[in-house]
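Source file: start-v1.txt. Holds: compact mmCIF, C-alpha atoms and all ligand atoms.
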# COMPACT_ATOMS: atom_id res chain seq x y z
CA MET A 161 -180.43 -5.09 -279.81
CA LYS A 162 -176.72 -4.57 -279.25
CA PHE A 163 -176.31 -8.34 -278.96
CA LEU A 164 -178.16 -8.88 -282.24
CA LYS A 165 -175.95 -6.31 -284.04
CA LYS A 166 -172.84 -7.98 -282.70
CA SER A 167 -173.87 -11.47 -283.77
CA MET A 168 -174.91 -10.19 -287.21
CA PHE A 169 -171.49 -8.59 -287.53
CA ILE A 170 -169.75 -11.84 -286.56
CA PHE A 171 -171.98 -13.82 -288.95
CA TYR A 172 -171.30 -11.58 -291.97
CA SER A 173 -167.57 -11.32 -291.23
CA GLY A 174 -167.49 -15.12 -291.12
CA ILE A 175 -169.18 -15.35 -294.53
CA LEU A 176 -166.79 -12.74 -295.94
CA LEU A 177 -163.77 -14.62 -294.60
CA ILE A 178 -164.97 -17.91 -296.08
CA PHE A 179 -165.61 -16.16 -299.41
CA LEU A 180 -162.13 -14.56 -299.43
CA ASN A 181 -160.52 -17.91 -298.58
CA VAL A 182 -162.34 -19.72 -301.35
CA CYS A 183 -161.16 -17.02 -303.81
CA LYS A 184 -157.62 -17.34 -302.49
CA SER A 185 -157.42 -21.12 -302.72
CA GLY A 186 -158.99 -20.97 -306.17
CA ARG A 187 -156.37 -18.44 -307.21
CA GLU A 188 -153.58 -20.52 -305.67
CA THR A 189 -154.49 -23.71 -307.45
CA LYS A 190 -154.93 -21.79 -310.69
CA MET A 191 -151.90 -19.54 -310.39
CA LYS A 192 -149.35 -21.63 -308.61
CA TYR A 193 -148.12 -23.70 -311.51
CA ASP A 194 -147.93 -23.20 -315.24
CA ILE A 195 -148.09 -25.57 -318.18
CA TYR A 196 -145.79 -25.02 -321.16
CA THR A 197 -146.29 -26.47 -324.62
CA LEU A 198 -143.52 -27.41 -327.05
CA LYS A 199 -144.44 -28.26 -330.66
CA ASN A 200 -142.27 -29.38 -333.52
CA ALA A 201 -142.63 -29.02 -337.30
CA ASN A 202 -144.25 -32.48 -337.58
CA GLY A 203 -147.03 -31.83 -335.11
CA LEU A 204 -145.48 -33.60 -332.12
CA GLU A 205 -146.36 -31.85 -328.91
CA ALA A 206 -145.08 -32.01 -325.32
CA LYS A 207 -146.70 -30.39 -322.30
CA ILE A 208 -144.53 -29.73 -319.26
CA THR A 209 -145.36 -28.10 -315.95
CA ASN A 210 -143.05 -26.20 -313.63
CA TYR A 211 -144.39 -28.39 -310.80
CA GLY A 212 -141.78 -31.16 -310.59
CA GLY A 213 -140.75 -30.52 -314.20
CA ILE A 214 -143.41 -33.08 -315.08
CA LEU A 215 -143.89 -34.17 -318.67
CA MET A 216 -147.70 -34.13 -318.60
CA SER A 217 -148.38 -35.27 -322.13
CA LEU A 218 -146.55 -36.28 -325.28
CA MET A 219 -148.47 -36.47 -328.55
CA VAL A 220 -146.85 -38.77 -331.10
CA PRO A 221 -148.21 -40.15 -334.42
CA ASP A 222 -148.74 -43.83 -335.25
CA ARG A 223 -148.14 -45.44 -338.65
CA ASN A 224 -151.41 -43.94 -339.97
CA GLY A 225 -150.56 -40.46 -338.80
CA GLN A 226 -152.96 -40.72 -335.85
CA PHE A 227 -151.68 -38.82 -332.84
CA ALA A 228 -152.00 -40.18 -329.30
CA ASP A 229 -150.74 -39.17 -325.90
CA ILE A 230 -148.21 -41.87 -324.97
CA VAL A 231 -147.39 -40.95 -321.36
CA LEU A 232 -149.46 -41.71 -318.27
CA GLY A 233 -150.51 -38.86 -316.02
CA TYR A 234 -153.27 -36.46 -315.10
CA ASP A 235 -155.21 -33.73 -316.89
CA THR A 236 -154.48 -31.12 -314.20
CA VAL A 237 -151.41 -30.13 -312.18
CA GLU A 238 -153.49 -30.27 -308.98
CA GLU A 239 -153.93 -34.03 -309.37
CA TYR A 240 -150.14 -34.51 -309.54
CA VAL A 241 -149.80 -32.41 -306.38
CA LYS A 242 -152.33 -34.66 -304.61
CA ASN A 243 -150.95 -38.08 -305.52
CA ASN A 244 -148.23 -38.96 -307.95
CA PRO A 245 -146.42 -42.30 -308.33
CA TYR A 246 -143.70 -40.26 -310.10
CA PHE A 247 -145.64 -39.88 -313.40
CA GLY A 248 -143.39 -37.82 -315.72
CA VAL A 249 -141.33 -36.17 -312.98
CA ILE A 250 -137.74 -35.04 -312.86
CA VAL A 251 -136.21 -37.26 -310.19
CA GLY A 252 -133.50 -35.94 -307.87
CA ARG A 253 -131.37 -35.26 -306.01
CA TYR A 254 -130.78 -39.00 -306.25
CA ALA A 255 -132.96 -41.10 -308.55
CA ASN A 256 -133.69 -44.66 -307.36
CA ARG A 257 -132.81 -46.19 -304.01
CA ILE A 258 -130.16 -45.55 -301.39
CA ALA A 259 -129.97 -48.44 -298.92
CA LYS A 260 -131.16 -47.62 -295.40
CA GLY A 261 -131.26 -43.92 -296.34
CA LYS A 262 -127.64 -43.23 -295.56
CA PHE A 263 -124.23 -42.80 -297.12
CA THR A 264 -120.79 -41.51 -296.20
CA LEU A 265 -118.89 -38.77 -298.02
CA ASP A 266 -115.41 -37.58 -297.02
CA GLY A 267 -115.77 -39.45 -293.72
CA GLU A 268 -119.08 -37.81 -292.82
CA GLU A 269 -122.30 -39.81 -292.61
CA TYR A 270 -125.45 -38.30 -294.10
CA ILE A 271 -128.92 -39.44 -293.09
CA LEU A 272 -131.78 -39.24 -295.58
CA ALA A 273 -135.49 -39.95 -295.24
CA LYS A 274 -136.57 -43.59 -295.37
CA ASN A 275 -139.55 -43.12 -297.66
CA ASN A 276 -139.55 -46.63 -299.16
CA GLY A 277 -139.55 -49.22 -296.38
CA GLU A 278 -136.10 -48.97 -294.87
CA ASN A 279 -134.67 -47.26 -297.95
CA HIS A 280 -134.53 -43.79 -299.47
CA LEU A 281 -136.25 -43.51 -302.87
CA HIS A 282 -136.24 -40.86 -305.61
CA GLY A 283 -134.83 -37.97 -303.59
CA GLY A 284 -136.97 -38.35 -300.48
CA ILE A 285 -140.25 -37.06 -299.15
CA LYS A 286 -140.24 -34.01 -301.37
CA GLY A 287 -137.92 -34.81 -304.23
CA PHE A 288 -137.34 -32.69 -307.33
CA GLY A 289 -140.56 -34.09 -308.78
CA ALA A 290 -142.63 -32.26 -306.18
CA VAL A 291 -141.00 -28.83 -306.04
CA LYS A 292 -141.62 -25.66 -308.02
CA TRP A 293 -139.07 -24.97 -310.75
CA ASN A 294 -138.35 -21.68 -312.50
CA ALA A 295 -139.29 -22.01 -316.14
CA GLU A 296 -138.25 -20.13 -319.23
CA LYS A 297 -138.97 -20.89 -322.89
CA ILE A 298 -135.88 -20.63 -325.05
CA GLU A 299 -135.12 -21.05 -328.73
CA GLY A 300 -132.19 -23.46 -328.87
CA PRO A 301 -130.08 -24.58 -331.85
CA ASN A 302 -132.09 -27.85 -332.09
CA GLY A 303 -135.57 -26.47 -331.67
CA LYS A 304 -137.88 -25.08 -329.06
CA SER A 305 -136.88 -25.66 -325.47
CA LEU A 306 -138.12 -25.20 -321.97
CA LYS A 307 -135.41 -24.44 -319.43
CA LEU A 308 -136.18 -25.35 -315.84
CA THR A 309 -133.96 -24.34 -312.95
CA TYR A 310 -134.03 -25.17 -309.26
CA LEU A 311 -131.81 -24.46 -306.28
CA SER A 312 -131.77 -27.36 -303.86
CA LYS A 313 -130.61 -25.93 -300.56
CA ASP A 314 -127.81 -27.36 -298.43
CA GLY A 315 -129.43 -29.96 -296.16
CA GLU A 316 -132.60 -30.33 -298.23
CA GLU A 317 -133.86 -33.89 -297.70
CA GLY A 318 -130.57 -34.51 -295.86
CA TYR A 319 -128.24 -33.98 -298.83
CA PRO A 320 -125.13 -31.81 -298.42
CA GLY A 321 -124.41 -28.69 -300.49
CA ASN A 322 -126.43 -26.07 -302.33
CA LEU A 323 -127.11 -27.77 -305.64
CA SER A 324 -128.00 -25.58 -308.55
CA VAL A 325 -129.84 -27.65 -311.17
CA ALA A 326 -130.93 -26.99 -314.75
CA VAL A 327 -133.06 -29.23 -316.93
CA VAL A 328 -133.72 -28.32 -320.56
CA TYR A 329 -136.48 -30.10 -322.47
CA THR A 330 -136.20 -29.73 -326.27
CA LEU A 331 -138.58 -31.07 -328.90
CA THR A 332 -136.56 -31.31 -332.09
CA ASP A 333 -137.81 -31.49 -335.67
CA ASP A 334 -136.24 -34.98 -335.81
CA ASN A 335 -139.04 -36.10 -333.47
CA GLU A 336 -136.81 -36.29 -330.43
CA LEU A 337 -137.62 -35.24 -326.92
CA LYS A 338 -134.18 -34.29 -325.64
CA ILE A 339 -133.53 -33.74 -321.94
CA ASP A 340 -130.29 -32.04 -320.88
CA TYR A 341 -129.56 -32.04 -317.17
CA SER A 342 -126.78 -30.13 -315.43
CA ALA A 343 -125.84 -29.26 -311.87
CA THR A 344 -123.16 -27.59 -309.77
CA THR A 345 -122.58 -27.60 -306.02
CA ASP A 346 -120.78 -25.57 -303.36
CA LYS A 347 -120.01 -28.65 -301.21
CA THR A 348 -119.21 -32.24 -302.14
CA THR A 349 -122.47 -34.07 -302.71
CA ILE A 350 -124.13 -36.83 -304.73
CA VAL A 351 -126.30 -36.37 -307.83
CA ASN A 352 -128.30 -38.73 -310.02
CA LEU A 353 -131.02 -37.14 -312.13
CA THR A 354 -133.55 -38.75 -314.44
CA ASN A 355 -137.06 -38.49 -315.81
CA HIS A 356 -139.73 -40.90 -314.62
CA SER A 357 -142.23 -40.96 -317.50
CA TYR A 358 -144.45 -44.01 -317.82
CA PHE A 359 -144.91 -44.84 -321.49
CA ASN A 360 -147.53 -46.80 -323.34
CA LEU A 361 -146.86 -46.51 -327.07
CA ALA A 362 -150.39 -47.67 -327.89
CA GLY A 363 -151.65 -44.58 -326.06
CA GLN A 364 -152.03 -43.83 -322.36
CA GLY A 365 -154.63 -46.06 -320.73
CA GLU A 366 -154.84 -48.34 -323.79
CA GLY A 367 -154.16 -51.66 -322.08
CA ASP A 368 -151.03 -53.20 -320.63
CA ILE A 369 -147.54 -52.89 -322.11
CA LEU A 370 -146.74 -56.62 -322.25
CA GLY A 371 -147.00 -56.78 -326.06
CA HIS A 372 -144.42 -54.05 -326.61
CA ILE A 373 -141.21 -55.39 -328.14
CA LEU A 374 -138.15 -54.24 -326.23
CA MET A 375 -134.44 -54.18 -326.92
CA ILE A 376 -132.00 -53.09 -324.20
CA ASN A 377 -128.40 -52.59 -325.24
CA ALA A 378 -126.95 -54.25 -322.16
CA ASP A 379 -125.15 -57.54 -321.53
CA ARG A 380 -125.41 -57.21 -317.75
CA PHE A 381 -127.82 -56.02 -315.08
CA THR A 382 -127.61 -55.30 -311.37
CA PRO A 383 -129.52 -58.03 -309.47
CA ILE A 384 -131.38 -56.88 -306.34
CA ASN A 385 -132.24 -58.23 -302.91
CA ARG A 386 -135.80 -58.46 -301.55
CA ASN A 387 -135.73 -54.72 -300.78
CA PHE A 388 -134.83 -53.72 -304.35
CA ILE A 389 -131.23 -52.87 -303.41
CA PRO A 390 -128.51 -54.07 -305.82
CA THR A 391 -126.33 -56.81 -304.40
CA GLY A 392 -123.31 -55.21 -306.07
CA GLU A 393 -122.98 -57.92 -308.70
CA LEU A 394 -123.02 -57.09 -312.42
CA ARG A 395 -124.70 -60.26 -313.68
CA PRO A 396 -124.70 -61.38 -317.33
CA VAL A 397 -128.23 -61.37 -318.81
CA ARG A 398 -127.47 -64.23 -321.17
CA GLY A 399 -129.84 -67.17 -320.77
CA THR A 400 -132.09 -65.25 -318.35
CA PRO A 401 -135.42 -63.36 -318.72
CA PHE A 402 -133.29 -60.22 -318.42
CA ASP A 403 -131.76 -60.71 -321.84
CA PHE A 404 -133.26 -58.05 -324.10
CA THR A 405 -130.22 -57.81 -326.35
CA LYS A 406 -132.51 -59.23 -329.07
CA PRO A 407 -135.94 -57.55 -329.38
CA THR A 408 -138.37 -59.52 -327.18
CA ALA A 409 -141.93 -58.90 -325.98
CA ILE A 410 -141.92 -57.40 -322.49
CA GLY A 411 -144.46 -60.02 -321.39
CA ALA A 412 -142.75 -63.05 -322.94
CA ARG A 413 -140.93 -64.10 -319.76
CA ILE A 414 -142.21 -61.71 -317.09
CA ASN A 415 -144.14 -64.39 -315.19
CA GLN A 416 -141.35 -66.96 -315.11
CA LYS A 417 -140.39 -68.39 -311.73
CA ASN A 418 -137.16 -66.45 -311.61
CA GLU A 419 -135.89 -65.15 -308.27
CA GLN A 420 -135.11 -61.68 -309.65
CA LEU A 421 -138.55 -61.36 -311.28
CA ILE A 422 -140.15 -62.45 -308.01
CA PHE A 423 -138.15 -59.89 -306.02
CA GLY A 424 -139.11 -57.14 -308.48
CA ASN A 425 -142.70 -58.34 -308.96
CA GLY A 426 -141.78 -58.09 -312.62
CA TYR A 427 -139.04 -55.98 -314.13
CA ASP A 428 -137.84 -53.25 -311.77
CA HIS A 429 -134.10 -53.44 -312.33
CA ASN A 430 -131.14 -51.49 -313.57
CA TRP A 431 -129.32 -52.63 -316.71
CA VAL A 432 -125.62 -51.93 -317.25
CA LEU A 433 -125.47 -50.32 -320.68
CA ASN A 434 -122.91 -51.49 -323.24
CA LYS A 435 -120.91 -48.36 -323.91
CA LYS A 436 -117.67 -46.48 -323.73
CA ASP A 437 -117.45 -43.81 -321.02
CA ALA A 438 -120.20 -41.22 -321.10
CA GLU A 439 -120.88 -41.21 -324.84
CA LEU A 440 -124.43 -40.50 -326.00
CA SER A 441 -125.44 -43.94 -327.28
CA LEU A 442 -128.44 -46.14 -327.95
CA ALA A 443 -129.71 -47.66 -324.71
CA ALA A 444 -133.07 -49.13 -325.69
CA ARG A 445 -135.64 -49.43 -328.46
CA VAL A 446 -139.33 -50.20 -327.97
CA TYR A 447 -141.81 -51.12 -330.68
CA GLU A 448 -145.56 -51.31 -330.32
CA PRO A 449 -146.81 -53.67 -333.09
CA ARG A 450 -150.48 -52.53 -333.22
CA THR A 451 -149.75 -48.83 -333.83
CA GLY A 452 -146.25 -49.13 -335.31
CA ARG A 453 -144.88 -46.56 -332.87
CA VAL A 454 -141.19 -46.94 -332.04
CA MET A 455 -139.28 -45.20 -329.29
CA GLU A 456 -135.51 -45.16 -329.10
CA VAL A 457 -133.68 -44.07 -325.97
CA TYR A 458 -130.20 -42.57 -326.17
CA THR A 459 -128.26 -41.55 -323.10
CA THR A 460 -124.91 -40.52 -321.69
CA GLU A 461 -125.69 -42.46 -318.50
CA PRO A 462 -124.15 -45.85 -317.61
CA GLY A 463 -127.45 -47.46 -316.62
CA ILE A 464 -131.17 -47.68 -317.26
CA GLN A 465 -133.91 -48.72 -314.86
CA PHE A 466 -136.56 -50.70 -316.68
CA TYR A 467 -139.75 -50.75 -314.62
CA THR A 468 -142.97 -52.40 -315.80
CA GLY A 469 -145.54 -50.50 -313.71
CA ASN A 470 -145.79 -53.33 -311.20
CA PHE A 471 -147.15 -51.01 -308.51
CA LEU A 472 -150.03 -49.79 -310.70
CA ASP A 473 -153.19 -51.49 -309.46
CA GLY A 474 -156.14 -49.72 -311.04
CA SER A 475 -156.59 -47.31 -308.15
CA ILE A 476 -155.49 -44.30 -310.20
CA LYS A 477 -157.78 -42.59 -312.66
CA GLY A 478 -155.64 -40.60 -315.08
CA LYS A 479 -156.09 -38.49 -318.18
CA GLY A 480 -159.47 -38.61 -319.84
CA GLY A 481 -160.74 -40.84 -317.01
CA LYS A 482 -158.48 -43.73 -318.08
CA VAL A 483 -157.79 -46.21 -315.29
CA TYR A 484 -154.18 -47.33 -314.94
CA LYS A 485 -154.12 -51.03 -314.16
CA PHE A 486 -151.27 -53.44 -313.44
CA ARG A 487 -148.47 -52.96 -316.00
CA TYR A 488 -150.30 -50.32 -318.06
CA GLY A 489 -147.05 -48.34 -318.43
CA PHE A 490 -143.31 -48.89 -318.49
CA CYS A 491 -140.44 -46.62 -317.48
CA LEU A 492 -136.95 -46.44 -318.93
CA GLU A 493 -135.13 -44.26 -316.44
CA THR A 494 -131.62 -43.39 -317.62
CA GLN A 495 -129.41 -43.10 -314.58
CA HIS A 496 -126.41 -44.14 -312.50
CA PHE A 497 -126.89 -47.45 -310.73
CA PRO A 498 -129.10 -47.62 -307.63
CA ASP A 499 -127.33 -47.33 -304.27
CA SER A 500 -124.10 -46.15 -305.90
CA PRO A 501 -123.20 -43.99 -302.87
CA ASN A 502 -122.79 -47.26 -300.93
CA LYS A 503 -121.22 -49.27 -303.74
CA PRO A 504 -117.62 -48.14 -304.28
CA ASP A 505 -117.31 -50.35 -307.37
CA PHE A 506 -120.22 -48.69 -309.20
CA PRO A 507 -119.54 -45.57 -311.35
CA SER A 508 -119.27 -42.56 -309.05
CA VAL A 509 -122.16 -40.19 -308.38
CA VAL A 510 -120.06 -37.72 -306.40
CA LEU A 511 -120.07 -34.08 -307.48
CA LYS A 512 -117.46 -31.68 -306.10
CA PRO A 513 -117.39 -27.87 -306.07
CA GLY A 514 -115.93 -26.60 -309.35
CA GLU A 515 -117.17 -29.64 -311.29
CA LYS A 516 -120.24 -29.81 -313.52
CA TYR A 517 -122.68 -32.72 -313.54
CA THR A 518 -124.24 -33.32 -316.95
CA GLN A 519 -126.53 -35.95 -318.39
CA THR A 520 -128.32 -36.04 -321.73
CA THR A 521 -131.13 -38.38 -322.68
CA ILE A 522 -133.07 -38.48 -325.95
CA TYR A 523 -136.41 -40.19 -326.53
CA LYS A 524 -136.69 -40.46 -330.30
CA PHE A 525 -139.96 -41.38 -332.04
CA LEU A 526 -140.23 -43.32 -335.29
CA ILE A 527 -142.75 -45.55 -337.01
CA LYS A 528 -142.44 -49.04 -338.41
C1 LIG A 601 -138.98 -46.74 -309.74
C2 LIG A 601 -138.70 -47.83 -308.79
C3 LIG A 601 -139.92 -48.65 -308.58
C4 LIG A 601 -141.06 -47.79 -308.15
C5 LIG A 601 -141.29 -46.70 -309.15
C6 LIG A 601 -142.37 -45.78 -308.70
O1 LIG A 601 -139.04 -47.17 -311.04
O2 LIG A 601 -137.64 -48.63 -309.18
O3 LIG A 601 -139.67 -49.64 -307.65
O4 LIG A 601 -140.78 -47.23 -306.91
O5 LIG A 601 -140.11 -45.99 -309.35
O6 LIG A 601 -143.52 -46.42 -308.32
Go ahead and render the structure in this file as structure tokens.
Amino acid sequence: MKFLKKSMFIFYSGILLIFLNVCKSGRETKMKYDIYTLKNANGLEAKITNYGGILMSLMVPDRNGQFADIVLGYDTVEEYVKNNPYFGVIVGRYANRIAKGKFTLDGEEYILAKNNGENHLHGGIKGFGAVKWNAEKIEGPNGKSLKLTYLSKDGEEGYPGNLSVAVVYTLTDDNELKIDYSATTDKTTIVNLTNHSYFNLAGQGEGDILGHILMINADRFTPINRNFIPTGELRPVRGTPFDFTKPTAIGARINQKNEQLIFGNGYDHNWVLNKKDAELSLAARVYEPRTGRVMEVYTTEPGIQFYTGNFLDGSIKGKGGKVYKFRYGFCLETQHFPDSPNKPDFPSVVLKPGEKYTQTTIYKFLIK
């Protein structure tokens, strides 16, 4: 009898524990992260989560006033937590690659994670696109904003210095999604922040992006080796498939037998923007002929990584059950050049105590 009572007790406690755990995990997935919505006077709408600062959706009209979501991603935050090839994230502390995951600052060598073959990519194992940010909605001079802040601790992912970061997303009534980044440190460090949205101006999941017409305001690009690391050369684009100074279809030359296109499996390169210093200037313009949607990119950064979704292979099911196949999205990541910490001739990415890192990028939407 006693034995029966005891086993009943154990059995029911077990059930209760399982029940409590299910409630807890349900609560965690529901409560952990929030989604914020920004809307402008023309009906454009951006959804951003405090998980990774991810731009989850961006509703933009076509030439007939039909709205579509033009960024790839998932319907729920949980799916981003599970598996995200950087859809929509804020990338940091260092966007793009650092060769062999190491660099030297003030005579000291710092070792970072090798999370991309032998290289460090997009801030490491848990970059800024996979951490929880503090979020606050603010009413700025240019429209409604979401301010995200994050403190990246000294030593996080191997980087030196406590880095205090702020990213402000603003949706203006001029149909611009403006992203203002800033950061300060208490120890000399390196910083390179960007956003990694994958765009398809025909609508997310609506085919490949090869028919989009692209202009990049750059006379040079940084050629790479087989491991995607810049060789250090700033090579003229003239006469090569990398010349987008005149609007050209993304797919027009992408399959040419060109060494750089073979190394990148398509476009996955950084362009050296034509500009003076850190002025906010036009970096790129993309036009989607079927819908008439146009996106212009303005930035204060010296470079832009143009990536044609060459690692998408149809294995990801995104928003609304859409399957993202090869080259179904493109990225225009405004940034400092890849591997700058190991390339003394590239513009510096060093941030010292007392200085302020800033970068502003605008994605502006028009119709044609
Ligand atoms: C960047 C890189 C690419 C790839 C994507 C994410 O754009 O340059 O090589 O890693 O991010 O898949």
* Dump the neighbourhood of ligand LIG 601 (chain A) as number ranges by chain: all residues within 6 Å, distances computed on only C-alpha atoms and all ligand atoms. => A: 245-246, 256, 428, 467, 471
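Checking A:Phe490, A:Phe388, A:Phe525, A:Phe404 one by one against A:Lys260, counting all atoms listed in the file, you find the shortest gap at A:Phe388.
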Per-residue nearest contacts of stretch 344-430 of chain A to stretch 500-517 of chain A (6 Å; only C-alpha atoms) as CSV:
residue,atom,partner,partner_atom,distance
A:Thr344,CA,A:Lys516,CA,5.2
A:Thr345,CA,A:Pro513,CA,5.2
A:Asp346,CA,A:Pro513,CA,4.9
A:Lys347,CA,A:Pro513,CA,5.6
A:Thr348,CA,A:Lys512,CA,4.4
A:Thr349,CA,A:Leu511,CA,5.3
A:Ile350,CA,A:Val510,CA,4.5
A:Val351,CA,A:Val509,CA,5.7
* Structure fact -> From atom CA of A:Ile258 to atom CA of A:Leu272 the spacing works out at 8.7 Å
* **atom CA of A:Gly424 to atom CA of A:Ile384, straight-line distance in Å** => 8.0 Å
* Figure out the distance between atom CA of A:Thr451 and atom CA of A:Ala362, please, to one decimal in Å. => 6.1 Å
* Test item: residues at most 12 Å from A:Gly481, all atoms listed in the file, excluding those fewer than 5 positions along its chain, as a PyMOL selection string -> chain A and resi 232-236+364-366+474-476
* Asked: Near A:Asn434, counting all atoms listed in the file, which residues have an atom at most 8 Å away, once you skip same-chain residues fewer than 5 positions from it, shown as a ChimeraX atom specification?
  -> /A:377-379,443
* For the point (-128.0, -45.1, -312.6) in file coordinates, what residues are within 8 Å, counting all atoms listed in the file? Give the answer as a PyMOL selection string? -> chain A and resi 255-256+352+430+461-465+494-498+500
With C-alpha atoms retained, could you export that selection as a tab-separated table (two decimals), keeping the file's coordinate frame?
chain	number	residue	atom	x	y	z
A	255	ALA	CA	-132.96	-41.10	-308.55
A	256	ASN	CA	-133.69	-44.66	-307.36
A	352	ASN	CA	-128.30	-38.73	-310.02
A	430	ASN	CA	-131.14	-51.49	-313.57
A	461	GLU	CA	-125.69	-42.46	-318.50
A	462	PRO	CA	-124.15	-45.85	-317.61
A	463	GLY	CA	-127.45	-47.46	-316.62
A	464	ILE	CA	-131.17	-47.68	-317.26
A	465	GLN	CA	-133.91	-48.72	-314.86
A	494	THR	CA	-131.62	-43.39	-317.62
A	495	GLN	CA	-129.41	-43.10	-314.58
A	496	HIS	CA	-126.41	-44.14	-312.50
A	497	PHE	CA	-126.89	-47.45	-310.73
A	498	PRO	CA	-129.10	-47.62	-307.63
A	500	SER	CA	-124.10	-46.15	-305.90
* **Using only C-alpha atoms: which of A:Asn279, A:Thr400, A:Ser312, A:Thr520 has the shortest distance to A:Lys292** => A:Ser312
* **Point (-134.2, -67.9, -311.4), cut-off 12 Å, counting all atoms listed in the file, residues as a PyMOL selection string** => chain A and resi 383+397+399-402+413-423
* Asked: Which is closer to A:Pro301 than all the others in A:Thr330, A:Asn276, A:Asn360, A:Thr405, using all atoms listed in the file?
  -> A:Thr330
* Fewer than 5 positions away in the same chain doesn't count, so skip those; otherwise give me all residues within 8 Å of A:Ser441, counting only C-alpha atoms, as an MDAnalysis selection string. => chainID A and resid 435 458:460
* Structure fact -> Of A:Ile369, A:Lys199, A:Ala295, A:Asn244, the one nearest to A:Ala412 when counting all atoms listed in the file is A:Ile369
* Quick one: everything within 12 Å of A:Leu215, counting only C-alpha atoms, minus sequence neighbours fewer than 5 positions away in the same chain. Send it as a PyMOL selection string. => chain A and resi 195-198+205-210+229-237+240+246-251+289+306+328-331+337-339+355-359
* Asked: Looking at only C-alpha atoms, which of A:Ser324, A:Asn202, A:Thr332, A:Thr518 is the one that sits closest to A:Gly303?
  -> A:Thr332
